[in-house]
Amino acid sequence: MNAILDYFERVQALISGLFHVEIERYDERVMSAERGNLRIRLRFSDDSLLEVSEAIHSVGGALAWLSYRYHYQKANGSVIFRYDNTPHHPEVSTHPAHKHESTGVVSAVRPDIERVIEEVRGHIK
């Protein structure tokens, strides 16, 4: 089986199992057997928004994230958190991976998408 297709199926099953969530965008692109991109926009019951962007590479069946961004914001547009690996915070120990919070930037490794969804649910009242 193709590891990227398997991952996309897992994410799609996770998203389709969510309640009170509007899928504003779900775009998966298989570029080759070794490369895929995923873009998702989810609107939650409190009008908060989660945007997911992943560029994935498969090497010998193991997945590696070339780039990622998990951006969660309130309905008014203020950022609640964002995980990404843009190399613009060399001061964090997990550089280039990091997390933006309301209090600033902290060290953080890339969470899996299940963990991101759990964190979003913790913010919804």
# chains A, B, ... in the order shown; residues from 1 in each chain; ligands from 1
>>> residues_around(residues="region 55-57 of chain A", least_positions_apart="5", cutoff="6 Å", atoms="only C-alpha atoms", output="MDAnalysis selection string")
chainID A and resid 34:37 63:67
>>> closest_atom_pairs(of="region 2-35 of chain A", to="region 45-48 of chain A", cutoff="9 Å", atoms="only C-alpha atoms", output="Markdown table")
| residue | atom | partner | partner_atom | distance |
| --- | --- | --- | --- | --- |
| A:Phe19 | CA | A:Ser45 | CA | 8.9 |
| A:His20 | CA | A:Ser45 | CA | 5.5 |
| A:Val21 | CA | A:Ser45 | CA | 6.2 |
| A:Glu22 | CA | A:Ser45 | CA | 8.2 |
>>> write_last_selection(atoms="N, CA and C atoms", output="mmCIF file, in the first residue's frame")
data_model
loop_
_atom_site.group_PDB
_atom_site.id
_atom_site.type_symbol
_atom_site.label_atom_id
_atom_site.label_comp_id
_atom_site.auth_asym_id
_atom_site.auth_seq_id
_atom_site.Cartn_x
_atom_site.Cartn_y
_atom_site.Cartn_z
ATOM 1 N N PHE A 19 -18.143 15.800 15.063
ATOM 2 C CA PHE A 19 -19.506 16.322 15.130
ATOM 3 C C PHE A 19 -19.473 17.838 15.270
ATOM 4 N N HIS A 20 -20.489 18.497 14.754
ATOM 5 C CA HIS A 20 -20.627 19.951 14.850
ATOM 6 C C HIS A 20 -19.424 20.670 14.251
ATOM 7 N N VAL A 21 -18.935 20.141 13.132
ATOM 8 C CA VAL A 21 -17.800 20.723 12.435
ATOM 9 C C VAL A 21 -18.169 20.851 10.965
ATOM 10 N N GLU A 22 -17.943 22.027 10.415
ATOM 11 C CA GLU A 22 -18.155 22.241 8.981
ATOM 12 C C GLU A 22 -16.808 22.126 8.276
#
>>> select_by_dssp(residues="chain A", states="alpha helix (DSSP H)", output="ChimeraX atom specification")
/A:3-16,113-123
>>> write_last_selection(atoms="C-alpha atoms", output="compact mmCIF listing (two decimals), in the first residue's frame")
# COMPACT_ATOMS: atom_id res chain seq x y z
CA ALA A 3 1.87 5.25 2.89
CA ILE A 4 0.63 8.67 1.77
CA LEU A 5 -2.74 7.32 0.62
CA ASP A 6 -3.05 5.39 3.88
CA TYR A 7 -2.36 8.57 5.83
CA PHE A 8 -4.90 10.55 3.80
CA GLU A 9 -7.53 7.85 4.46
CA ARG A 10 -6.79 8.00 8.20
CA VAL A 11 -7.14 11.79 8.26
CA GLN A 12 -10.33 11.69 6.21
CA ALA A 13 -11.85 9.15 8.62
CA LEU A 14 -10.87 11.31 11.59
CA ILE A 15 -12.41 14.43 10.05
CA SER A 16 -15.60 12.72 8.93
CA ILE A 113 -3.34 15.57 13.61
CA GLU A 114 -5.27 13.63 16.26
CA ARG A 115 -3.43 15.58 18.96
CA VAL A 116 -4.21 18.88 17.21
CA ILE A 117 -7.93 18.03 17.12
CA GLU A 118 -7.83 17.11 20.83
CA GLU A 119 -6.18 20.43 21.63
CA VAL A 120 -8.83 22.31 19.61
CA ARG A 121 -11.61 20.50 21.47
CA GLY A 122 -10.05 21.59 24.75
CA HIS A 123 -10.57 25.22 23.71
>>> residues_around(residues="Ile80 (chain A)", least_positions_apart="5", cutoff="7 Å", atoms="only C-alpha atoms", output="list of chain:residue names")
A:Tyr72, A:Gln73, A:Lys74, A:Glu101, A:Ser102
>>> residues_around(residues="Thr86 (chain A)", least_positions_apart="5", cutoff="10 Å", atoms="only C-alpha atoms", output="VMD selection string")
chain A and resid 67 to 69 95 to 98
>>> residues_around(residues="region 26-28 of chain A", least_positions_apart="5", cutoff="7 Å", atoms="only C-alpha atoms", output="list in words")
Asn37, Leu38, Arg39, Ile40 and Arg41 of chain A
>>> write_last_selection(atoms="C-alpha atoms", output="compact mmCIF listing (two decimals), in the first residue's frame")
# COMPACT_ATOMS: atom_id res chain seq x y z
CA ASN A 37 0.02 17.67 0.14
CA LEU A 38 -2.95 18.13 2.43
CA ARG A 39 -4.96 21.34 3.01
CA ILE A 40 -7.93 21.43 5.39
CA ARG A 41 -10.17 24.17 6.86
>>> atom_distance(atom1="CA of Ala75 (chain A)", atom2="CA of Lys125 (chain A)")
12.9 Å
>>> closest_residue(among="A:Asn2, A:Ser107, A:Ser32, A:Ser58", to="Asn85 (chain A)", atoms="only C-alpha atoms")
A:Ser107
>>> atom_distance(atom1="CA of His100 (chain A)", atom2="CA of Ile23 (chain A)")
23.8 Å
